[in-house]
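Text of coords_17.cif, listed as mmCIF, C-alpha atoms:
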data_data
loop_
_atom_site.label_atom_id
_atom_site.label_comp_id
_atom_site.auth_asym_id
_atom_site.auth_seq_id
_atom_site.Cartn_x
_atom_site.Cartn_y
_atom_site.Cartn_z
CA MET A 1 0.00 0.00 0.00
CA VAL A 2 2.84 2.39 0.83
CA LYS A 3 4.46 1.64 -2.55
CA LYS A 4 1.21 2.48 -4.39
CA LEU A 5 0.86 5.73 -2.44
CA LEU A 6 4.49 6.67 -3.11
CA PHE A 7 4.04 5.85 -6.82
CA LEU A 8 0.88 8.06 -6.97
CA VAL A 9 2.70 10.97 -5.27
CA LEU A 10 5.60 10.58 -7.73
CA ILE A 11 3.21 10.73 -10.71
CA ILE A 12 1.43 13.83 -9.33
CA ALA A 13 4.76 15.55 -8.65
CA SER A 14 5.98 14.74 -12.17
CA LEU A 15 2.81 16.09 -13.76
CA THR A 16 3.02 19.25 -11.65
CA TYR A 17 6.65 19.75 -12.70
CA VAL A 18 5.77 19.34 -16.41
CA VAL A 19 2.89 21.84 -16.15
CA LEU A 20 5.09 24.38 -14.36
CA LEU A 21 7.92 23.91 -16.85
CA ARG A 22 5.57 24.45 -19.82
CA SER A 23 4.12 27.63 -18.31
CA GLU A 24 7.60 29.10 -17.79
CA LYS A 25 8.71 28.45 -21.39
CA GLY A 26 6.64 31.19 -23.01
CA PHE A 27 3.15 29.73 -22.96
CA LYS A 28 1.82 33.20 -22.29
CA LEU A 29 -1.88 34.01 -22.54
CA ASP A 30 -2.83 35.57 -25.87
CA ILE A 31 -5.05 38.56 -25.10
CA GLN A 32 -7.51 37.46 -27.82
CA GLU A 33 -8.22 34.18 -26.01
CA LYS A 34 -10.34 33.69 -22.95
CA GLY A 35 -8.26 33.79 -19.80
CA ASP A 36 -8.13 31.62 -16.71
CA SER A 37 -9.34 34.47 -14.52
CA PHE A 38 -12.33 36.58 -15.44
CA PHE A 39 -14.98 38.83 -13.99
CA GLU A 40 -18.63 38.86 -14.97
CA GLY A 41 -20.54 42.10 -14.58
CA LEU A 42 -17.42 44.26 -14.16
CA LYS A 43 -17.82 47.91 -13.13
CA ILE A 44 -14.86 50.29 -12.79
CA VAL A 45 -15.33 53.80 -11.42
CA ASN A 46 -12.52 56.29 -11.98
CA LYS A 47 -12.57 59.38 -9.78
CA LYS A 48 -10.53 62.54 -10.05
CA ASP A 49 -10.41 64.92 -7.06
CA GLY A 50 -13.30 63.01 -5.48
CA VAL A 51 -15.56 63.44 -8.52
CA THR A 52 -16.50 60.58 -10.85
CA ASP A 53 -14.60 61.04 -14.11
CA TRP A 54 -15.78 57.92 -15.92
CA ILE A 55 -17.51 54.61 -15.31
CA LEU A 56 -16.79 51.46 -17.30
CA TRP A 57 -19.09 48.43 -17.42
CA ALA A 58 -18.36 45.13 -19.13
CA LYS A 59 -20.39 41.96 -19.27
CA ARG A 60 -17.15 40.00 -18.99
CA ALA A 61 -13.48 40.84 -18.43
CA ASP A 62 -10.83 38.16 -19.08
CA MET A 63 -7.59 38.96 -17.26
CA THR A 64 -4.12 38.29 -18.64
CA ARG A 65 -1.89 36.05 -16.55
CA ASP A 66 0.21 39.02 -15.42
CA GLY A 67 -2.96 40.90 -14.39
CA LYS A 68 -2.01 44.03 -16.34
CA GLU A 69 -4.70 43.91 -19.03
CA ALA A 70 -8.28 42.79 -19.39
CA LEU A 71 -10.08 41.77 -22.57
CA LEU A 72 -13.60 43.14 -22.27
CA SER A 73 -16.83 42.08 -23.93
CA GLY A 74 -20.14 43.93 -23.88
CA VAL A 75 -18.53 47.28 -23.10
CA GLU A 76 -20.27 50.48 -22.01
CA MET A 77 -18.43 53.55 -20.78
CA LYS A 78 -19.87 56.78 -19.41
CA LEU A 79 -17.56 59.80 -19.64
CA GLU A 80 -19.18 61.93 -16.96
CA ARG A 81 -17.61 65.35 -17.63
CA GLN A 82 -18.21 65.05 -21.38
CA GLY A 83 -21.75 63.75 -20.97
CA MET A 84 -20.89 60.96 -23.42
CA THR A 85 -21.73 57.27 -23.45
CA VAL A 86 -19.62 54.82 -25.47
CA SER A 87 -20.68 51.26 -26.23
CA ALA A 88 -18.81 48.55 -28.13
CA ASP A 89 -18.69 44.80 -28.63
CA LYS A 90 -15.11 44.40 -27.33
CA GLY A 91 -12.45 46.35 -25.50
CA LEU A 92 -8.99 46.17 -24.03
CA TYR A 93 -8.39 47.85 -20.67
CA ILE A 94 -4.78 48.46 -19.60
CA ILE A 95 -5.02 48.57 -15.83
CA GLU A 96 -1.84 50.53 -15.01
CA THR A 97 -2.45 53.41 -17.47
CA ARG A 98 -6.28 53.21 -17.48
CA GLN A 99 -6.19 53.34 -21.28
CA ILE A 100 -9.08 51.73 -23.12
CA SER A 101 -9.32 50.57 -26.72
CA VAL A 102 -12.73 49.56 -27.98
CA GLN A 103 -13.83 47.91 -31.22
CA GLY A 104 -16.74 46.32 -33.02
CA GLY A 105 -20.03 48.15 -33.37
CA LEU A 106 -18.65 51.20 -31.59
CA ARG A 107 -21.19 53.93 -30.82
CA ALA A 108 -20.53 57.12 -28.86
CA SER A 109 -23.30 59.58 -28.12
CA ASN A 110 -24.29 62.60 -26.11
CA ASP A 111 -27.31 64.94 -26.25
CA ASP A 112 -26.11 66.59 -29.48
CA TYR A 113 -24.72 63.83 -31.70
CA VAL A 114 -24.04 60.14 -32.33
CA LEU A 115 -20.65 58.92 -33.52
CA THR A 116 -20.06 55.49 -35.04
CA THR A 117 -16.79 53.81 -36.00
CA SER A 118 -15.25 50.36 -35.78
CA HIS A 119 -12.32 51.03 -33.43
CA ALA A 120 -11.13 53.80 -31.08
CA SER A 121 -8.69 54.50 -28.27
CA ILE A 122 -10.11 56.36 -25.30
CA ASP A 123 -8.23 58.25 -22.61
CA GLY A 124 -11.00 59.00 -20.14
CA SER A 125 -8.90 61.26 -17.92
CA LYS A 126 -7.91 63.54 -20.81
CA GLY A 127 -11.21 63.17 -22.64
CA ASN A 128 -9.41 62.06 -25.82
CA PHE A 129 -11.05 59.78 -28.35
CA ASP A 130 -8.95 58.75 -31.37
CA THR A 131 -9.44 56.46 -34.36
CA SER A 132 -7.86 55.86 -37.77
CA GLU A 133 -11.00 54.08 -39.07
CA ASP A 134 -14.04 55.38 -40.98
CA VAL A 135 -16.12 57.76 -38.86
CA LYS A 136 -19.70 58.96 -39.07
CA ILE A 137 -21.06 61.75 -36.86
CA GLU A 138 -24.77 62.51 -36.97
CA GLY A 139 -26.30 65.54 -35.30
CA ARG A 140 -29.76 67.08 -35.42
CA LYS A 141 -28.97 69.18 -38.47
CA PHE A 142 -25.77 67.68 -39.88
CA GLU A 143 -23.89 64.56 -40.85
CA LEU A 144 -20.09 64.26 -41.12
CA THR A 145 -18.18 61.32 -42.54
CA GLY A 146 -14.47 60.75 -43.04
CA LYS A 147 -11.49 58.61 -42.22
CA GLY A 148 -9.66 59.03 -38.93
CA MET A 149 -10.57 61.32 -36.07
CA GLN A 150 -8.98 63.02 -33.10
CA ALA A 151 -11.34 64.34 -30.45
CA GLU A 152 -10.37 66.35 -27.40
CA ASN A 153 -13.66 66.37 -25.54
CA ASN A 154 -12.36 68.36 -22.57
CA GLN A 155 -11.62 71.21 -25.00
CA HIS A 156 -14.58 70.44 -27.31
CA LYS A 157 -12.33 69.91 -30.37
CA VAL A 158 -12.94 67.29 -33.05
CA ARG A 159 -10.80 66.77 -36.17
CA ILE A 160 -11.77 64.44 -39.01
CA LEU A 161 -8.40 63.64 -40.59
CA LYS A 162 -9.21 62.93 -44.27
CA ASP A 163 -11.91 62.27 -46.87
CA VAL A 164 -14.27 64.63 -45.04
CA LYS A 165 -17.84 64.95 -46.28
CA ALA A 166 -20.35 67.21 -44.55
CA THR A 167 -24.10 67.39 -45.13
CA PHE A 168 -26.20 70.07 -43.44
CA ASN A 169 -29.97 69.80 -43.10
CA HIS A 170 -32.37 72.68 -42.52
#

In structure tokens, what does this structure look like?
Amino acid sequence: MVKKLLFLVLIIASLTYVVLLRSEKGFKLDIQEKGDSFFEGLKIVNKKDGVTDWILWAKRADMTRDGKEALLSGVEMKLERQGMTVSADKGLYIIETRQISVQGGLRASNDDYVLTTSHASIDGSKGNFDTSEDVKIEGRKFELTGKGMQAENNQHKVRILKDVKATFNH
């Protein structure tokens, strides 16, 4: 009986050693794959000087093994000072810098307009919203389309970078 127990312990120790060895040899989690650790119903509140700056919700957040990034799905972000809500299918949240990239069915809106594009980087603390993709902005009396955009929402500046087309309605 002791021999069987010792043999079983030896097998478990060997398997543990092989698993640890494989994980140290570069089997790093690809951010596009589902991770071992995840949150469902994630909510992140970022405050500046005691006032809510932005709130991020995600249906699911898969963490990288090093815990520095999270792949988000079902993303919604409220930029409080800008009065803007951003929603997207997917996102990447870099925990240390609080930078967010969102993609897939991206829609940003406030009381005055709706912006749609396929991918954007958002810096909530600076109010910046940048993309190199096709952009469409629809307001009550206008529509803008183009390729690439840089928005500085804290200073209320928006630049469509090229192929700009504007339509104004009366």

Quiz item: Do you know which residues are at most 8 Å from stretch 96-101 of chain A counting all atoms listed in the file, after dropping those on the same chain fewer than 6 positions away, and could you put them as a PyMOL selection string?
Solution: chain A and resi 68+119-124

Practice problem: Could you give me, as a list in words, the residues within 9 Å of A:Val102, counting all atoms listed in the file and dropping anything in the same chain fewer than 3 positions from it? | Solution: Leu72, Val75, Ser87, Ala88, Asp89, Lys90, Gly91, Leu92, Tyr93, Leu106, Ser118, His119, Ala120, Ser121 and Ile122 of chain A

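A straight line drawn from atom CA of A:Met63 to atom CA of A:Met77 is 18.5 Å long.
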
Self-check item: Residues matched by the PyMOL selection byres ((chain A and resi 126-132) around 10), written as a PyMOL selection string
Solution: chain A and resi 53-54+79-82+84+100-102+108+117-125+133-135+146-162

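Ranking A:Ile44, A:Val164, A:Leu56, A:Ile94 by their shortest atom-to-atom distance to A:Glu69, with all atoms listed in the file included, puts A:Ile94 first.
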